[in-house]
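J.: I am sharing start24.pdb, which consists of PDB, C-alpha atoms and all ligand atoms:
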ATOM      1  CA  MET R   1      82.474 139.061   2.509
ATOM      2  CA  THR R   2      81.393 142.658   2.260
ATOM      3  CA  LEU R   3      80.827 144.321  -1.069
ATOM      4  CA  SER R   4      83.942 146.440  -0.627
ATOM      5  CA  GLU R   5      86.089 143.391   0.265
ATOM      6  CA  LEU R   6      84.834 141.664  -2.870
ATOM      7  CA  THR R   7      85.391 144.616  -5.189
ATOM      8  CA  THR R   8      88.886 145.187  -3.785
ATOM      9  CA  THR R   9      89.847 141.506  -4.044
ATOM     10  CA  LEU R  10      88.484 141.178  -7.573
ATOM     11  CA  GLY R  11      89.521 144.650  -8.718
ATOM     12  CA  CYS R  12      85.993 145.481  -9.931
ATOM     13  CA  GLU R  13      84.188 148.742 -10.485
ATOM     14  CA  PRO R  14      81.875 148.855  -7.401
ATOM     15  CA  SER R  15      78.583 150.050  -8.849
ATOM     16  CA  ARG R  16      78.627 147.642 -11.813
ATOM     17  CA  PHE R  17      79.751 144.818  -9.540
ATOM     18  CA  HIS R  18      76.948 145.596  -7.110
ATOM     19  CA  ARG R  19      74.366 145.323  -9.924
ATOM     20  CA  ILE R  20      75.723 141.873 -10.779
ATOM     21  CA  MET R  21      75.625 140.784  -7.129
ATOM     22  CA  ARG R  22      72.048 142.094  -6.825
ATOM     23  CA  PHE R  23      71.069 139.881  -9.757
ATOM     24  CA  LEU R  24      72.912 136.863  -8.319
ATOM     25  CA  VAL R  25      71.263 137.345  -4.934
ATOM     26  CA  HIS R  26      67.872 137.458  -6.607
ATOM     27  CA  TYR R  27      68.840 134.251  -8.411
ATOM     28  CA  GLN R  28      69.822 132.667  -5.051
ATOM     29  CA  ILE R  29      73.446 132.194  -6.060
ATOM     30  CA  PHE R  30      74.411 134.401  -3.092
ATOM     31  CA  LYS R  31      72.482 135.745  -0.145
ATOM     32  CA  GLU R  32      72.768 138.987   1.779
ATOM     33  CA  GLU R  33      73.544 137.987   5.314
ATOM     34  CA  SER R  34      73.422 141.274   7.197
ATOM     35  CA  ILE R  35      73.033 144.794   5.969
ATOM     36  CA  THR R  36      74.352 147.705   7.960
ATOM     37  CA  ARG R  37      74.174 151.335   6.965
ATOM     38  CA  ASP R  38      77.487 151.208   5.084
ATOM     39  CA  SER R  39      78.190 147.573   4.324
ATOM     40  CA  ILE R  40      76.482 144.659   2.634
ATOM     41  CA  ASP R  41      77.663 141.148   3.494
ATOM     42  CA  PHE R  42      77.342 138.395   0.922
ATOM     43  CA  ALA R  43      77.291 134.720   1.838
ATOM     44  CA  LEU R  44      77.215 131.458  -0.087
ATOM     45  CA  THR R  45      74.006 129.506  -0.731
ATOM     46  CA  PRO R  46      73.689 125.778  -1.551
ATOM     47  CA  LEU R  47      73.897 126.783  -5.231
ATOM     48  CA  SER R  48      77.134 128.746  -4.972
ATOM     49  CA  ARG R  49      78.705 126.045  -2.780
ATOM     50  CA  ARG R  50      78.437 123.832  -5.875
ATOM     51  CA  LEU R  51      80.430 126.459  -7.793
ATOM     52  CA  ILE R  52      83.447 126.496  -5.493
ATOM     53  CA  ARG R  53      86.258 124.899  -7.428
ATOM     54  CA  HIS R  54      87.500 122.396  -4.861
ATOM     55  CA  GLY R  55      84.379 122.147  -2.738
ATOM     56  CA  GLU R  56      82.725 118.851  -1.916
ATOM     57  CA  ARG R  57      80.244 117.927  -4.678
ATOM     58  CA  SER R  58      81.620 120.833  -6.721
ATOM     59  CA  MET R  59      80.119 121.303 -10.179
ATOM     60  CA  ALA R  60      82.518 124.131 -11.027
ATOM     61  CA  ALA R  61      84.422 122.199 -13.688
ATOM     62  CA  LEU R  62      81.200 121.205 -15.470
ATOM     63  CA  ILE R  63      79.950 124.797 -15.489
ATOM     64  CA  LEU R  64      83.348 126.022 -16.733
ATOM     65  CA  LEU R  65      83.168 123.536 -19.620
ATOM     66  CA  GLU R  66      79.568 124.232 -20.572
ATOM     67  CA  SER R  67      80.030 128.013 -20.398
ATOM     68  CA  SER R  68      83.243 127.996 -22.463
ATOM     69  CA  PRO R  69      82.953 129.763 -25.843
ATOM     70  CA  VAL R  70      83.737 126.458 -27.598
ATOM     71  CA  MET R  71      80.708 124.765 -25.993
ATOM     72  CA  LEU R  72      78.394 127.783 -26.202
ATOM     73  CA  ALA R  73      78.986 128.476 -29.910
ATOM     74  CA  PRO R  74      77.195 125.264 -31.044
ATOM     75  CA  CYS R  75      74.072 126.349 -29.141
ATOM     76  CA  LEU R  76      73.826 129.267 -31.586
ATOM     77  CA  SER R  77      73.802 126.794 -34.502
ATOM     78  CA  LEU R  78      70.979 124.698 -33.052
ATOM     79  CA  SER R  79      68.249 126.223 -35.220
ATOM     80  CA  ALA R  80      70.119 125.411 -38.449
ATOM     81  CA  HIS R  81      70.577 121.848 -37.186
ATOM     82  CA  VAL R  82      66.917 121.456 -36.223
ATOM     83  CA  LEU R  83      65.792 122.894 -39.562
ATOM     84  CA  ASN R  84      67.902 120.755 -41.868
ATOM     85  CA  SER R  85      69.399 118.020 -39.638
ATOM     86  CA  GLY R  86      72.779 118.671 -41.296
ATOM     87  CA  ASN R  87      76.165 118.641 -39.573
ATOM     88  CA  SER R  88      76.315 118.463 -35.797
ATOM     89  CA  PRO R  89      76.125 121.982 -34.333
ATOM     90  CA  PHE R  90      79.517 121.412 -32.650
ATOM     91  CA  GLU R  91      81.144 120.671 -36.011
ATOM     92  CA  ALA R  92      79.370 123.597 -37.655
ATOM     93  CA  ALA R  93      80.747 125.940 -34.984
ATOM     94  CA  ASN R  94      84.201 124.463 -34.373
ATOM     95  CA  GLY R  95      85.062 122.656 -37.619
ATOM     96  CA  LYS R  96      85.598 119.225 -35.983
ATOM     97  CA  ASP R  97      83.669 116.864 -33.745
ATOM     98  CA  VAL R  98      84.184 117.309 -30.035
ATOM     99  CA  TRP R  99      86.812 114.528 -29.582
ATOM    100  CA  ASN R 100      88.890 115.555 -32.626
ATOM    101  CA  TYR R 101      88.705 119.156 -31.445
ATOM    102  CA  ALA R 102      89.950 118.106 -27.984
ATOM    103  CA  GLU R 103      92.804 116.145 -29.558
ATOM    104  CA  VAL R 104      94.381 119.304 -30.986
ATOM    105  CA  ASN R 105      93.351 121.566 -28.080
ATOM    106  CA  PRO R 106      94.830 120.101 -24.867
ATOM    107  CA  GLY R 107      93.341 122.950 -22.804
ATOM    108  CA  HIS R 108      89.841 122.011 -23.957
ATOM    109  CA  SER R 109      90.605 118.326 -23.387
ATOM    110  CA  LYS R 110      91.496 119.121 -19.776
ATOM    111  CA  LEU R 111      88.275 121.126 -19.374
ATOM    112  CA  ILE R 112      86.321 118.064 -20.600
ATOM    113  CA  ASN R 113      88.178 115.562 -18.390
ATOM    114  CA  ASP R 114      87.783 117.716 -15.266
ATOM    115  CA  ALA R 115      84.095 118.337 -16.029
ATOM    116  CA  MET R 116      83.390 114.638 -16.505
ATOM    117  CA  ALA R 117      85.240 113.836 -13.283
ATOM    118  CA  CYS R 118      83.178 116.227 -11.168
ATOM    119  CA  ASP R 119      79.952 114.862 -12.628
ATOM    120  CA  ALA R 120      81.181 111.286 -12.094
ATOM    121  CA  LYS R 121      81.935 111.962  -8.414
ATOM    122  CA  VAL R 122      78.337 112.896  -7.705
ATOM    123  CA  ALA R 123      76.824 110.089  -9.795
ATOM    124  CA  VAL R 124      79.144 107.337  -8.557
ATOM    125  CA  SER R 125      78.658 108.139  -4.875
ATOM    126  CA  ALA R 126      74.874 107.855  -5.443
ATOM    127  CA  ILE R 127      75.450 104.510  -7.194
ATOM    128  CA  ILE R 128      77.679 103.133  -4.413
ATOM    129  CA  GLU R 129      75.072 104.133  -1.871
ATOM    130  CA  GLY R 130      71.956 103.260  -3.884
ATOM    131  CA  CYS R 131      72.803  99.957  -5.575
ATOM    132  CA  PRO R 132      76.076  98.391  -4.365
ATOM    133  CA  GLN R 133      74.726  94.932  -5.297
ATOM    134  CA  VAL R 134      75.396  95.749  -8.977
ATOM    135  CA  PHE R 135      79.091  95.102  -8.239
ATOM    136  CA  ASP R 136      78.649  91.848  -6.273
ATOM    137  CA  GLY R 137      80.802  89.026  -7.595
ATOM    138  CA  LEU R 138      82.600  91.137 -10.213
ATOM    139  CA  GLU R 139      86.313  90.457 -10.411
ATOM    140  CA  SER R 140      87.035  92.913 -13.192
ATOM    141  CA  LEU R 141      85.302  95.974 -14.539
ATOM    142  CA  VAL R 142      86.209  98.058 -17.572
ATOM    143  CA  ASP R 143      85.035 101.665 -17.657
ATOM    144  CA  VAL R 144      84.663 102.456 -21.349
ATOM    145  CA  GLY R 145      85.342 106.131 -21.970
ATOM    146  CA  GLY R 146      86.320 106.387 -18.313
ATOM    147  CA  GLY R 147      88.140 109.710 -18.754
ATOM    148  CA  ASN R 148      90.739 110.304 -16.047
ATOM    149  CA  GLY R 149      89.538 107.271 -14.033
ATOM    150  CA  THR R 150      87.584 109.159 -11.357
ATOM    151  CA  ALA R 151      84.544 106.848 -11.469
ATOM    152  CA  LEU R 152      86.626 103.699 -11.370
ATOM    153  CA  SER R 153      88.865 104.924  -8.554
ATOM    154  CA  MET R 154      85.758 105.463  -6.402
ATOM    155  CA  LEU R 155      84.399 102.039  -7.356
ATOM    156  CA  VAL R 156      87.609 100.091  -6.593
ATOM    157  CA  LYS R 157      87.869 101.913  -3.269
ATOM    158  CA  ALA R 158      84.308 100.912  -2.336
ATOM    159  CA  PHE R 159      84.613  97.379  -3.809
ATOM    160  CA  PRO R 160      88.330  96.542  -3.396
ATOM    161  CA  TRP R 161      88.015  93.031  -4.836
ATOM    162  CA  ILE R 162      87.423  94.535  -8.308
ATOM    163  CA  HIS R 163      90.300  94.952 -10.758
ATOM    164  CA  GLY R 164      89.537  98.170 -12.635
ATOM    165  CA  ILE R 165      90.455  98.868 -16.247
ATOM    166  CA  ASN R 166      90.079 102.502 -17.223
ATOM    167  CA  PHE R 167      89.721 102.579 -21.005
ATOM    168  CA  ASP R 168      89.805 105.837 -22.964
ATOM    169  CA  LEU R 169      91.555 107.509 -25.870
ATOM    170  CA  PRO R 170      95.384 107.198 -25.614
ATOM    171  CA  ARG R 171      95.872 110.956 -25.117
ATOM    172  CA  VAL R 172      93.330 110.941 -22.239
ATOM    173  CA  VAL R 173      94.792 107.981 -20.313
ATOM    174  CA  ALA R 174      98.321 109.369 -20.872
ATOM    175  CA  VAL R 175      97.536 112.233 -18.478
ATOM    176  CA  ALA R 176      95.273 110.291 -16.068
ATOM    177  CA  PRO R 177      96.556 109.994 -12.478
ATOM    178  CA  LYS R 178      97.902 106.575 -11.398
ATOM    179  CA  VAL R 179      95.646 104.828  -8.872
ATOM    180  CA  ASP R 180      96.188 101.487  -7.056
ATOM    181  CA  GLY R 181      93.878  98.786  -8.380
ATOM    182  CA  ILE R 182      93.381 100.519 -11.739
ATOM    183  CA  GLU R 183      95.048  99.798 -15.034
ATOM    184  CA  HIS R 184      94.803 102.556 -17.647
ATOM    185  CA  VAL R 185      94.373 101.285 -21.208
ATOM    186  CA  GLY R 186      94.316 103.552 -24.260
ATOM    187  CA  GLY R 187      92.408 102.711 -27.449
ATOM    188  CA  ASP R 188      89.357 103.271 -29.609
ATOM    189  CA  MET R 189      86.106 101.888 -28.190
ATOM    190  CA  PHE R 190      84.683 101.513 -31.686
ATOM    191  CA  LYS R 191      87.463  99.074 -32.593
ATOM    192  CA  CYS R 192      88.038  96.993 -29.467
ATOM    193  CA  VAL R 193      87.298  97.134 -25.743
ATOM    194  CA  PRO R 194      89.432  95.363 -23.070
ATOM    195  CA  LYS R 195      87.853  92.151 -21.743
ATOM    196  CA  ALA R 196      86.323  92.093 -18.250
ATOM    197  CA  ASP R 197      83.435  90.612 -16.234
ATOM    198  CA  ALA R 198      81.476  93.796 -16.719
ATOM    199  CA  ALA R 199      81.724  97.020 -18.668
ATOM    200  CA  PHE R 200      80.461 100.512 -18.023
ATOM    201  CA  LEU R 201      78.728 102.088 -21.070
ATOM    202  CA  MET R 202      77.695 100.702 -24.478
ATOM    203  CA  LYS R 203      79.139  98.969 -27.565
ATOM    204  CA  CYS R 204      80.732  96.570 -25.134
ATOM    205  CA  ARG R 205      78.733  93.433 -25.635
ATOM    206  CA  GLU R 206      81.680  91.577 -27.183
ATOM    207  CA  ALA R 207      83.989  92.506 -24.304
ATOM    208  CA  ILE R 208      81.993  90.914 -21.494
ATOM    209  CA  ARG R 209      81.738  87.286 -20.337
ATOM    210  CA  HIS R 210      79.404  85.252 -22.530
ATOM    211  CA  ASP R 211      77.386  83.835 -19.629
ATOM    212  CA  HIS R 212      74.560  84.955 -17.348
ATOM    213  CA  LYS R 213      77.060  86.875 -15.188
ATOM    214  CA  GLY R 214      78.624  89.085 -17.863
ATOM    215  CA  LYS R 215      76.894  92.446 -18.112
ATOM    216  CA  VAL R 216      77.189  95.987 -19.369
ATOM    217  CA  ILE R 217      76.508  98.575 -16.692
ATOM    218  CA  ILE R 218      75.232 101.764 -18.245
ATOM    219  CA  VAL R 219      75.187 104.891 -16.116
ATOM    220  CA  GLN R 220      72.959 107.272 -17.995
ATOM    221  CA  SER R 221      69.771 109.326 -17.780
ATOM    222  CA  VAL R 222      66.424 107.652 -18.340
ATOM    223  CA  ILE R 223      63.984 110.380 -19.340
ATOM    224  CA  GLU R 224      60.674 109.934 -17.560
ATOM    225  CA  GLU R 225      58.831 113.083 -18.654
ATOM    226  CA  ASP R 226      57.835 113.350 -14.997
ATOM    227  CA  LYS R 227      57.295 116.932 -13.867
ATOM    228  CA  ASP R 228      57.600 115.995 -10.182
ATOM    229  CA  ASP R 229      61.040 114.375 -10.392
ATOM    230  CA  LYS R 230      63.655 116.822  -9.112
ATOM    231  CA  PHE R 231      66.254 115.615 -11.642
ATOM    232  CA  GLU R 232      64.022 115.653 -14.727
ATOM    233  CA  PHE R 233      64.923 119.224 -15.689
ATOM    234  CA  VAL R 234      68.633 118.294 -15.697
ATOM    235  CA  ARG R 235      67.984 115.210 -17.845
ATOM    236  CA  MET R 236      66.109 117.284 -20.423
ATOM    237  CA  MET R 237      68.765 120.005 -20.300
ATOM    238  CA  LEU R 238      71.455 117.350 -20.887
ATOM    239  CA  ASP R 239      69.449 116.209 -23.908
ATOM    240  CA  MET R 240      69.776 119.742 -25.321
ATOM    241  CA  VAL R 241      73.520 119.614 -24.566
ATOM    242  CA  MET R 242      73.731 116.276 -26.418
ATOM    243  CA  MET R 243      71.986 117.841 -29.413
ATOM    244  CA  ALA R 244      74.389 120.787 -29.463
ATOM    245  CA  HIS R 245      77.612 118.907 -28.761
ATOM    246  CA  THR R 246      77.363 115.493 -30.394
ATOM    247  CA  SER R 247      76.451 114.129 -33.828
ATOM    248  CA  ASN R 248      73.505 111.964 -32.885
ATOM    249  CA  GLY R 249      73.735 111.768 -29.111
ATOM    250  CA  LYS R 250      70.590 111.964 -27.023
ATOM    251  CA  GLU R 251      69.194 111.170 -23.596
ATOM    252  CA  ARG R 252      66.712 108.309 -23.894
ATOM    253  CA  THR R 253      63.361 107.289 -22.485
ATOM    254  CA  LEU R 254      62.861 103.759 -21.107
ATOM    255  CA  LYS R 255      61.194 102.751 -24.396
ATOM    256  CA  GLN R 256      64.177 104.014 -26.399
ATOM    257  CA  TRP R 257      66.590 102.133 -24.107
ATOM    258  CA  GLU R 258      64.530  98.975 -24.597
ATOM    259  CA  TYR R 259      64.803  99.398 -28.357
ATOM    260  CA  ILE R 260      68.515 100.202 -28.499
ATOM    261  CA  LEU R 261      69.505  97.383 -26.110
ATOM    262  CA  GLY R 262      67.386  94.907 -28.081
ATOM    263  CA  GLU R 263      69.012  96.051 -31.347
ATOM    264  CA  ALA R 264      72.454  95.686 -29.745
ATOM    265  CA  GLY R 265      71.641  92.036 -28.975
ATOM    266  CA  PHE R 266      71.062  92.101 -25.218
ATOM    267  CA  THR R 267      68.352  89.696 -24.117
ATOM    268  CA  ARG R 268      67.346  91.393 -20.846
ATOM    269  CA  PHE R 269      68.010  94.479 -18.790
ATOM    270  CA  ASN R 270      66.935  96.206 -15.602
ATOM    271  CA  VAL R 271      66.994  99.818 -14.478
ATOM    272  CA  LYS R 272      67.938 100.891 -10.967
ATOM    273  CA  ARG R 273      67.082 104.420  -9.914
ATOM    274  CA  VAL R 274      69.579 106.130  -7.604
ATOM    275  CA  ASN R 275      69.570 109.576  -6.019
ATOM    276  CA  ALA R 276      71.167 111.196  -9.073
ATOM    277  CA  VAL R 277      70.394 112.449 -12.564
ATOM    278  CA  GLN R 278      71.617 109.121 -13.960
ATOM    279  CA  SER R 279      70.170 105.656 -13.453
ATOM    280  CA  VAL R 280      72.019 102.344 -13.524
ATOM    281  CA  ILE R 281      71.014 100.035 -16.371
ATOM    282  CA  GLU R 282      72.308  96.446 -16.251
ATOM    283  CA  ALA R 283      72.161  94.756 -19.661
ATOM    284  CA  TYR R 284      72.794  90.982 -20.017
ATOM    285  CA  HIS R 285      73.655  88.610 -22.822
ATOM    286  CA  LEU R 286      71.624  85.768 -21.346
TER     287      LEU R 286
HETATM  288  C1  LIG R 301      81.180 112.015 -22.016
HETATM  289  S1  LIG R 301      82.778 111.497 -21.541
HETATM  290  C2  LIG R 301      82.379 110.410 -20.230
HETATM  291  C3  LIG R 301      83.463 110.290 -19.199
HETATM  292  C4  LIG R 301      83.151 109.393 -18.009
HETATM  293  N1  LIG R 301      82.695 108.067 -18.430
HETATM  294  C5  LIG R 301      82.113 110.020 -17.106
HETATM  295  O1  LIG R 301      80.926 109.707 -17.242
HETATM  296  O2  LIG R 301      82.475 110.838 -16.283
HETATM  297  C6  LIG R 301      83.176 110.390 -22.863
HETATM  298  C7  LIG R 301      84.582 109.816 -22.781
HETATM  299  O3  LIG R 301      84.765 108.952 -23.919
HETATM  300  C8  LIG R 301      86.080 109.120 -24.407
HETATM  301  N2  LIG R 301      86.077 108.711 -25.825
HETATM  302  C9  LIG R 301      85.578 109.384 -26.886
HETATM  303  N3  LIG R 301      85.730 108.673 -28.008
HETATM  304  C10 LIG R 301      86.357 107.517 -27.648
HETATM  305  C11 LIG R 301      86.786 106.374 -28.380
HETATM  306  N4  LIG R 301      86.607 106.271 -29.687
HETATM  307  N5  LIG R 301      87.372 105.350 -27.682
HETATM  308  C12 LIG R 301      87.558 105.432 -26.332
HETATM  309  N6  LIG R 301      87.153 106.498 -25.592
HETATM  310  C13 LIG R 301      86.565 107.522 -26.241
HETATM  311  C14 LIG R 301      86.389 110.586 -24.187
HETATM  312  O4  LIG R 301      87.779 110.862 -24.173
HETATM  313  C15 LIG R 301      85.693 110.850 -22.842
HETATM  314  O5  LIG R 301      86.579 110.656 -21.758
END
Could you write out this structure as structure tokens?
T.:
Amino acid sequence: MTLSELTTTLGCEPSRFHRIMRFLVHYQIFKEESITRDSIDFALTPLSRRLIRHGERSMAALILLESSPVMLAPCLSLSAHVLNSGNSPFEAANGKDVWNYAEVNPGHSKLINDAMACDAKVAVSAIIEGCPQVFDGLESLVDVGGGNGTALSMLVKAFPWIHGINFDLPRVVAVAPKVDGIEHVGGDMFKCVPKADAAFLMKCREAIRHDHKGKVIIVQSVIEEDKDDKFEFVRMMLDMVMMAHTSNGKERTLKQWEYILGEAGFTRFNVKRVNAVQSVIEAYHL
């Protein structure tokens, strides 16, 4: 679009808008396609394609969540948190932890669910492509904290023999879309998790089969501290987000995963790298 088409459509003051576009072009969010004497054309780049709301591999919902005032305010309380390790920065800024805040703010809850779903789409397609064998022989799979069921709906489509149980807080599953092959179950993961052959996430050791087949599948970053890995910046940035938005959440190194899985009572685990920020960790009882 030309600058004048953009300013007319958006109702912006042209010279201020042009300064913003100049910055965004420099930042490679847009590019100038052709410049004539009286018009400048702006086009999308790979970065801005990720910002289109309904585009393929869109990250728009995640950016909308992370740039919301509710999520930005805790970042301003980080120094107090680092200095005295008191309350979580999210609680300091918003008076409640993130899940209790979402419970009384349905608009924020929707922002979270949509953001998680767009992130899940990218991660789960890399998992289906990179390590489908993780799902071999599974008859049932519970996604613990599965949000609106996006991850599970992709998994049951790719592996139709799996019965999917999408487990999340009652208010989250109440608004999750119905999908064939998926049962939505509401509850509190810290009290009880529905039984299945395998579970996504943690705290699920009791829910899985007590034999060599039962496993917890954790889809999470493994920090490598490797400057050459194209995803490492995102993993470290997510660690900052964890510090700002959760009480004690963090992204972990392989050594920290080894420790936490051992403490949780798993006897063995393996890590599968896929073409995504997250890796797939399979943790077994036996
Ligand atoms: C960070 S999101 C992850 C969503 C999804 N697994 C994904 O990766 O896209 C965490 C999810 O856990 C859910 N959750 C938080 N506390 C919970 C609890 N006590 N019991 C069950 N689910 C919970 C939230 O509603 C949210 O959907």
J.: Hey, which of R:Lys227, R:Arg273, R:Arg37, R:Lys121 ends up closest to ligand LIG 301 (chain R)? Count all atoms listed in the file.
T.: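 Nearest candidate to ligand LIG 301 (chain R) out of R:Lys227, R:Arg273, R:Arg37, R:Lys121: R:Lys121.
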J.: Distance CA of Phe90 (chain R)-CA of Gly187 (chain R), one decimal place?
T.: 23.3 Å
J.: Could you spell out the hits of the PyMOL selection byres (((chain R and resi 154) around 12) and not hetatm) on the shown file, as a PyMOL selection string?
T.: chain R and resi 117+120-129+143+146+148-153+155-160+162+164+179-182
J.: For this file, the PyMOL selection byres (((chain R and resi 139) around 12) and not hetatm) selects which residues, as number ranges by chain?
T.: R: 135-138, 140-142, 156, 159-165, 181, 195-199, 208-209, 213-214
J.: Considering all atoms listed in the file, can you say which of R:Val277, R:Phe190, R:Phe269, R:Gly147 comes closest to Phe233 (chain R)?
T.: R:Val277
J.: Using the chain letters and numbers from the file, which residues does the PyMOL selection byres (((not hetatm)) within 9 of (chain R and resi 301)) grab, as a short mmCIF file (atom, residue, chain, number, x, y, z; two decimals) with C-alpha atoms, in the frame of the given file?
T.:
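For reference, result_6.cif as written:
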data_model
loop_
_atom_site.label_atom_id
_atom_site.label_comp_id
_atom_site.auth_asym_id
_atom_site.auth_seq_id
_atom_site.Cartn_x
_atom_site.Cartn_y
_atom_site.Cartn_z
CA VAL R 98 84.18 117.31 -30.04
CA TRP R 99 86.81 114.53 -29.58
CA ASN R 100 88.89 115.56 -32.63
CA ALA R 102 89.95 118.11 -27.98
CA SER R 109 90.60 118.33 -23.39
CA ILE R 112 86.32 118.06 -20.60
CA ASN R 113 88.18 115.56 -18.39
CA ASP R 114 87.78 117.72 -15.27
CA ALA R 115 84.10 118.34 -16.03
CA MET R 116 83.39 114.64 -16.50
CA ALA R 117 85.24 113.84 -13.28
CA CYS R 118 83.18 116.23 -11.17
CA ASP R 119 79.95 114.86 -12.63
CA ALA R 120 81.18 111.29 -12.09
CA LYS R 121 81.94 111.96 -8.41
CA ALA R 123 76.82 110.09 -9.80
CA ASP R 143 85.04 101.66 -17.66
CA VAL R 144 84.66 102.46 -21.35
CA GLY R 145 85.34 106.13 -21.97
CA GLY R 146 86.32 106.39 -18.31
CA GLY R 147 88.14 109.71 -18.75
CA ASN R 148 90.74 110.30 -16.05
CA GLY R 149 89.54 107.27 -14.03
CA THR R 150 87.58 109.16 -11.36
CA ALA R 151 84.54 106.85 -11.47
CA PHE R 167 89.72 102.58 -21.00
CA ASP R 168 89.80 105.84 -22.96
CA LEU R 169 91.56 107.51 -25.87
CA PRO R 170 95.38 107.20 -25.61
CA ARG R 171 95.87 110.96 -25.12
CA VAL R 172 93.33 110.94 -22.24
CA VAL R 173 94.79 107.98 -20.31
CA GLY R 186 94.32 103.55 -24.26
CA GLY R 187 92.41 102.71 -27.45
CA ASP R 188 89.36 103.27 -29.61
CA MET R 189 86.11 101.89 -28.19
CA PHE R 190 84.68 101.51 -31.69
CA LYS R 191 87.46 99.07 -32.59
CA CYS R 192 88.04 96.99 -29.47
CA VAL R 193 87.30 97.13 -25.74
CA PHE R 200 80.46 100.51 -18.02
CA LEU R 201 78.73 102.09 -21.07
CA VAL R 219 75.19 104.89 -16.12
CA GLN R 220 72.96 107.27 -18.00
#
J.: Pick out the closest residue to Thr2 (chain R) from this set: R:Phe17, R:Gly130, R:Ala43, R:His26. Count all atoms listed in the file.
T.: R:Ala43
J.: If we count only C-alpha atoms, what is near Ile223 (chain R) at a cut-off of 8 Å, once residues fewer than 2 positions away on the same chain are taken out, given as a PyMOL selection string?
T.: chain R and resi 221+225+232+235-236+251-254
J.: Atoms to include: C-alpha atoms. Write the selected residues as a short mmCIF file (atom, residue, chain, number, x, y, z; two decimals), keeping the file's coordinate frame.
T.:
data_model
loop_
_atom_site.label_atom_id
_atom_site.label_comp_id
_atom_site.auth_asym_id
_atom_site.auth_seq_id
_atom_site.Cartn_x
_atom_site.Cartn_y
_atom_site.Cartn_z
CA SER R 221 69.77 109.33 -17.78
CA GLU R 225 58.83 113.08 -18.65
CA GLU R 232 64.02 115.65 -14.73
CA ARG R 235 67.98 115.21 -17.84
CA MET R 236 66.11 117.28 -20.42
CA GLU R 251 69.19 111.17 -23.60
CA ARG R 252 66.71 108.31 -23.89
CA THR R 253 63.36 107.29 -22.48
CA LEU R 254 62.86 103.76 -21.11
#
J.: What does the distance from CA of Ile40 (chain R) to CA of Val25 (chain R) come to in Å, to one decimal?
T.: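 Rounded to one decimal, the two atoms are 11.7 Å apart.
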J.: Have a look at CA of His54 (chain R) and CA of Leu111 (chain R) and let me know their distance in Å, one decimal.
T.: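 The value is 14.6 Å.
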J.: Counting only C-alpha atoms, which of R:Ser39, R:Phe30, R:Arg22, R:Glu224 gets nearest to Leu3 (chain R)?
T.: R:Ser39
J.: I'd like to know which of R:Asn275, R:Gln28, R:Ser88, R:Ser48 is closest to Lys230 (chain R), using only C-alpha atoms.
T.: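 Nearest to Lys230 (chain R): R:Asn275.
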J.: For Val280 (chain R), please output as a short mmCIF file (atom, residue, chain, number, x, y, z; two decimals) with C-alpha atoms, in the frame of the given file all residues within 6 Å (counting only C-alpha atoms; exclusion window: fewer than 4 positions along the same chain).
T.:
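Result went into result.cif, see below:
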data_model
loop_
_atom_site.label_atom_id
_atom_site.label_comp_id
_atom_site.auth_asym_id
_atom_site.auth_seq_id
_atom_site.Cartn_x
_atom_site.Cartn_y
_atom_site.Cartn_z
CA ILE R 218 75.23 101.76 -18.24
CA VAL R 219 75.19 104.89 -16.12
CA VAL R 271 66.99 99.82 -14.48
CA LYS R 272 67.94 100.89 -10.97
#
J.: Which residues are close to Glu258 (chain R), i.e. within 12 Å by only C-alpha atoms, leaving aside same-chain residues fewer than 3 positions away? Reply as a list in words.
T.: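 Once the nearby chain positions are removed, what remains is Val222, Arg252, Thr253, Leu254, Lys255, Leu261, Gly262, Glu263, Ala264, Gly265, Phe266, Thr267, Arg268, Phe269, Asn270, Val271, Ile281, Glu282 and Ala283 of chain R.
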J.: May I ask which of the residues R:Leu238, R:Ile260, R:Ile217, R:Leu10 is the closest one to Cys131 (chain R), counting all atoms listed in the file?
T.: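 Of all the options, R:Ile217 lies closest to Cys131 (chain R).
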J.: Draw an axis-aligned box over all listed atoms of region 159-171 of chain R, pad each side with 8 Å, and write its centre and edge lengths in Å, one decimal, as AutoDock Vina command-line options.
T.:
--center_x 90.2 --center_y 102.0 --center_z -14.6 --size_x 27.3 --size_y 33.9 --size_z 38.5
J.: Within 10 Å of Arg53 (chain R), counting only C-alpha atoms, which residues qualify if same-chain residues fewer than 5 places away don't, as number ranges by chain?
T.: R: 58-61, 64, 118
J.: Find the spatial neighbours of Pro74 (chain R), counting all atoms listed in the file, within a cut-off of 6 Å - ignore same-chain residues fewer than 4 positions away - and output them as a short mmCIF file (atom, residue, chain, number, x, y, z; two decimals) with C-alpha atoms, in the coordinates of the input.
T.:
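What ended up in out_5.cif:
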data_model
loop_
_atom_site.label_atom_id
_atom_site.label_comp_id
_atom_site.auth_asym_id
_atom_site.auth_seq_id
_atom_site.Cartn_x
_atom_site.Cartn_y
_atom_site.Cartn_z
CA PRO R 89 76.12 121.98 -34.33
CA PHE R 90 79.52 121.41 -32.65
CA ALA R 93 80.75 125.94 -34.98
CA ALA R 244 74.39 120.79 -29.46
#
